[in-house]
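Enquirer: Below you will find the structure I want to go over with you.
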Amino acid sequence: MKIKVLGAAGGQVTGSCYLVSTSQARILVDCGMFQGSREAEDLNRALPVEGIAQLDAIVVTHAHLDHTGRLPVLVKHGYTGPIFLTPATKELMMIILEDSARIQLSDNERTNRKRQRAGEDPIEPLYEPDHVEPVRNLAREVTLHEFVEVAPGIRARYFEAGHMLGSTSIELEITDAGVTKSVVFSGDLGPANRPMLRDFESMCCADLVIMESTYGDHNHQPYDKTVAEFEAIVKKVAEARGKILVPTFAVGRSQQIIYHLAVMFHERKVETFPIFLDSPMAIKATEVYREHPELFDDEMQAHRDAGLFPISGGFFKPTITADESKALNHVGGPCAILAGAGMCNAGRILHHLKQNLWKPDTHVLIVGYQGNGTLGRRLVNGEPHVKIHGEKIAVRAQVHTMGGFSAHADQADLLRWFATLASDQPRLVLTHGEDIARETLRGIVNQKFGIEATLPALGEEIDL
């Protein structure tokens, strides 16, 4: 029994992928895309494993691109086996992958124009839309808490992770040569006590735990304080008739920000102003949220029962076409524009930042993790000028970093999730974190639970 770490390792935060192999079976846990770094494209183009057509199964924790983005690559190279995931994850994953395929084609055309001018041969896109639809056909929906046999000698059981709609942690029960081991993959864990989604579930009894460590080096500020800061900024901008730009991940953060603005309007904390959801993918994702009320927490259910459904279409204006998006350049304030991508590394938010960063009455709300090397990280770092589409832009807008809106568990929540597993003294492997985050978390875990965690390098193999 072996587990090979094929992504989100060695200080990488993206590209989550693990190969689980026994004498009887080979499966992958996630197969995500690398993002943010200069090496990401090369890593994405390298096949994660040999013998893709001989893989028995793939189990998926949740829909985000850094956990599912290379699934079409597997299909392109012959994978035809089942993909096990929750119903909501399936729906959101397809939205994300379809968008990714369009980006792959667009980026590839741009790259090949440059290669042609340089006298170089063209290259293929990482994958195309034709490689995405088969992923839907391979999907096998699972029910939380129920074991499902995914391959000979391997059963999987899914638990709520609280990170995004449909997100899960996965327990694998692996039997080989008469020996049975339990391996738990945390997936991405969400913070406790956030609106809309249920909190992560505690788990117990594992021989090996592979846990994310994105925010392993610090704690978020209390959520009510973050919401108070958010509301103060919104009120200030509304009074000054300015613009709010929110680089948002289409799934999760967009719905969360709309939720808080809708509650402010409903409670008359501020006069209603237009909210533009400038992301076709986010618009589709919001429809999926509306179709899965069974995954909402008690607070969201209470709002619905009281006649307030914050993510209903009445609280925001969808802008679907490129022309509708461009028209927002001429819309005066106060207004809020939510657009992707969440790390400002692509998408429509780049155009809005280009048009508005140099204006002092613009407020940019950074509400999610910003990877190294991304435009979002440069804004967070306070750089006075940035380049967008090759043009130097002065940063005169006010940039607000609001880490409390993060969809990732902080150090305290990670420790709380692991505490119920720690009593059995399992082996612990920390992935999905920059070096400082996972090294800090390793020290705290050792101090608190007496467990020395492993920090694997990319490609490292763990022998069970």
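Chain labels A, B, ... are given in the sequence in which chains occur in the structure tokens; within each chain residues are numbered consecutively from 1, and ligands are likewise numbered from 1 in the order shown.
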To test your reading of the structure, identify every residue in region 238-395 of chain A that backbone DSSP assigns to helix (DSSP H, G or I), and report it as a ChimeraX atom specification.

Expert: /A:238-240,253-266,280-291,293-295,298-305,313-315,322-330,349-356,375-380

Enquirer: Extract the full set of strand (DSSP E or B) residues from region 34-255 of chain A according to DSSP on the backbone, and format it as an mmCIF file with C-alpha atoms, in the first residue's frame.

Expert:
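Resulting contents of states16.cif:
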data_model
loop_
_atom_site.group_PDB
_atom_site.id
_atom_site.type_symbol
_atom_site.label_atom_id
_atom_site.label_comp_id
_atom_site.auth_asym_id
_atom_site.auth_seq_id
_atom_site.Cartn_x
_atom_site.Cartn_y
_atom_site.Cartn_z
ATOM 1 C CA ALA A 57 -11.018 5.027 -10.176
ATOM 2 C CA ILE A 58 -10.764 8.667 -9.107
ATOM 3 C CA VAL A 59 -12.285 10.048 -5.930
ATOM 4 C CA ILE A 83 -15.133 9.424 -10.833
ATOM 5 C CA PHE A 84 -16.759 9.371 -7.388
ATOM 6 C CA LEU A 85 -18.057 12.665 -5.943
ATOM 7 C CA ALA A 139 -19.180 10.797 -12.636
ATOM 8 C CA ARG A 140 -20.703 8.518 -9.988
ATOM 9 C CA GLU A 141 -22.632 10.339 -7.265
ATOM 10 C CA VAL A 148 -18.821 2.845 -1.578
ATOM 11 C CA GLU A 149 -16.423 0.370 -3.162
ATOM 12 C CA VAL A 150 -14.367 2.378 -5.634
ATOM 13 C CA ALA A 151 -11.807 -0.285 -6.626
ATOM 14 C CA ILE A 154 -10.657 0.089 -1.574
ATOM 15 C CA ARG A 155 -13.793 1.611 -0.069
ATOM 16 C CA ALA A 156 -14.440 5.352 0.277
ATOM 17 C CA ARG A 157 -16.619 7.279 2.685
ATOM 18 C CA TYR A 158 -17.349 11.016 2.373
ATOM 19 C CA PHE A 159 -17.842 13.621 5.130
ATOM 20 C CA GLU A 160 -18.842 17.302 5.046
ATOM 21 C CA THR A 168 -15.909 16.656 1.462
ATOM 22 C CA SER A 169 -13.177 14.952 3.374
ATOM 23 C CA ILE A 170 -12.653 11.352 2.312
ATOM 24 C CA GLU A 171 -11.855 8.235 4.323
ATOM 25 C CA LEU A 172 -10.328 5.388 2.351
ATOM 26 C CA GLU A 173 -10.470 1.874 3.817
ATOM 27 C CA ILE A 174 -7.701 0.015 1.995
ATOM 28 C CA THR A 175 -7.320 -3.760 2.209
ATOM 29 C CA ASP A 176 -4.410 -5.642 0.655
ATOM 30 C CA VAL A 179 -4.133 -6.062 5.981
ATOM 31 C CA THR A 180 -6.576 -3.149 6.278
ATOM 32 C CA LYS A 181 -5.534 0.468 6.740
ATOM 33 C CA SER A 182 -7.600 3.639 7.053
ATOM 34 C CA VAL A 183 -6.390 6.805 5.314
ATOM 35 C CA VAL A 184 -8.156 10.148 5.710
ATOM 36 C CA PHE A 185 -7.781 12.984 3.212
ATOM 37 C CA LEU A 197 -22.760 26.286 4.518
ATOM 38 C CA LEU A 208 -2.691 7.984 8.160
ATOM 39 C CA VAL A 209 -4.081 11.519 7.804
ATOM 40 C CA ILE A 210 -3.254 13.786 4.876
ATOM 41 C CA MET A 211 -4.295 17.298 5.875
ATOM 42 C CA GLU A 212 -4.255 20.660 4.162
ATOM 43 C CA TYR A 215 -3.499 28.771 6.773
ATOM 44 C CA LYS A 243 -17.086 51.659 -6.808
ATOM 45 C CA ILE A 244 -16.357 48.424 -5.024
ATOM 46 C CA LEU A 245 -14.380 45.845 -6.995
ATOM 47 C CA VAL A 246 -14.304 42.341 -5.584
ATOM 48 C CA PRO A 247 -12.074 39.752 -7.268
#

Enquirer: Pick out the residues sitting within 12 Å of Gly332 (chain A), and hand them over as an mmCIF file with C-alpha atoms, in the first residue's frame; count only C-alpha atoms, and ignore anything fewer than 6 positions along from it in its own chain.

Expert:
data_model
loop_
_atom_site.group_PDB
_atom_site.id
_atom_site.type_symbol
_atom_site.label_atom_id
_atom_site.label_comp_id
_atom_site.auth_asym_id
_atom_site.auth_seq_id
_atom_site.Cartn_x
_atom_site.Cartn_y
_atom_site.Cartn_z
ATOM 1 C CA VAL A 237 -18.182 53.783 -0.470
ATOM 2 C CA ALA A 238 -21.948 54.178 -0.776
ATOM 3 C CA ALA A 240 -18.949 58.676 -1.446
ATOM 4 C CA ARG A 241 -20.714 57.139 -4.476
ATOM 5 C CA GLY A 242 -17.629 55.107 -5.323
ATOM 6 C CA LYS A 243 -17.086 51.659 -6.808
ATOM 7 C CA ILE A 244 -16.357 48.424 -5.024
ATOM 8 C CA PHE A 273 -27.293 49.939 -4.818
ATOM 9 C CA PRO A 274 -26.569 47.743 -7.850
ATOM 10 C CA ASN A 356 -10.435 51.711 -12.014
ATOM 11 C CA ASP A 361 -12.675 56.549 -5.156
ATOM 12 C CA THR A 362 -12.283 52.848 -6.041
#

Enquirer: Could you name the residues that touch region 450-454 of chain A at 10 Å or less, counting only C-alpha atoms, but leaving out those on the same chain fewer than 5 positions away, as a list of chain:residue names?

Expert: A:Val209, A:Ile210, A:Met211, A:Ala422, A:Gln425, A:Pro426, A:Arg427, A:Leu428, A:Val429, A:Leu430, A:Thr431, A:Arg438, A:Glu439, A:Leu441, A:Arg442, A:Gly443, A:Ile444, A:Val445, A:Ile462

Enquirer: Please report the interatomic distance between CA of Asp207 (chain A) and CA of Glu460 (chain A) in Å with one decimal.

Expert: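 Atom-to-atom, CA of Asp207 (chain A) to CA of Glu460 (chain A), that is 18.4 Å.
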
Enquirer: List the neighbours of Ser213 (chain A) out to 9 Å using only C-alpha atoms; skip same-chain residues closer than 4 positions along the sequence, and give me the result as a list in words.

Expert: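 Contacts, in chain order: Val13, Asp188, Asp217, Ala409, Asp410, Gln411, Leu414, Leu430, Thr431, His432, Gly433, Glu434, Ala437, Arg438 and Leu441 of chain A.
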
Enquirer: Counting only C-alpha atoms, which of A:Thr61, A:Gln24, A:Ser16, A:Gln355 gets nearest to Val331 (chain A)?

Expert: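 Smallest separation from Val331 (chain A) among the options: A:Gln355.
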
Enquirer: Work out how far CA of Asp107 (chain A) is from CA of Asp121 (chain A), in Å to one decimal.

Expert: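 So the two atoms, CA of Asp121 (chain A) and CA of Asp107 (chain A), lie 15.7 Å apart.
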
Enquirer: Taking only C-alpha atoms into account, name the residue in A:Ser21, A:Ser312, A:Ser186, A:Gln116 that is nearest to Ile258 (chain A).

Expert: A:Ser312

Enquirer: From the set A:Leu375, A:Asp413, A:Met264, A:Gly340, which residue has the shortest atom-to-atom contact distance to Gly162 (chain A), counting only C-alpha atoms?

Expert: A:Asp413

Enquirer: Please provide the set of residues having any atom within 7 Å of His408 (chain A), restricted to only C-alpha atoms, with same-chain residues fewer than 4 positions apart removed, written as a PyMOL selection string.

Expert: chain A and resi 163+188-191

Enquirer: Which residue is closest to Lys90 (chain A)? Choose from A:Gly313, A:Ala63, A:Ala262, A:Met300 and count only C-alpha atoms.

Expert: A:Ala63
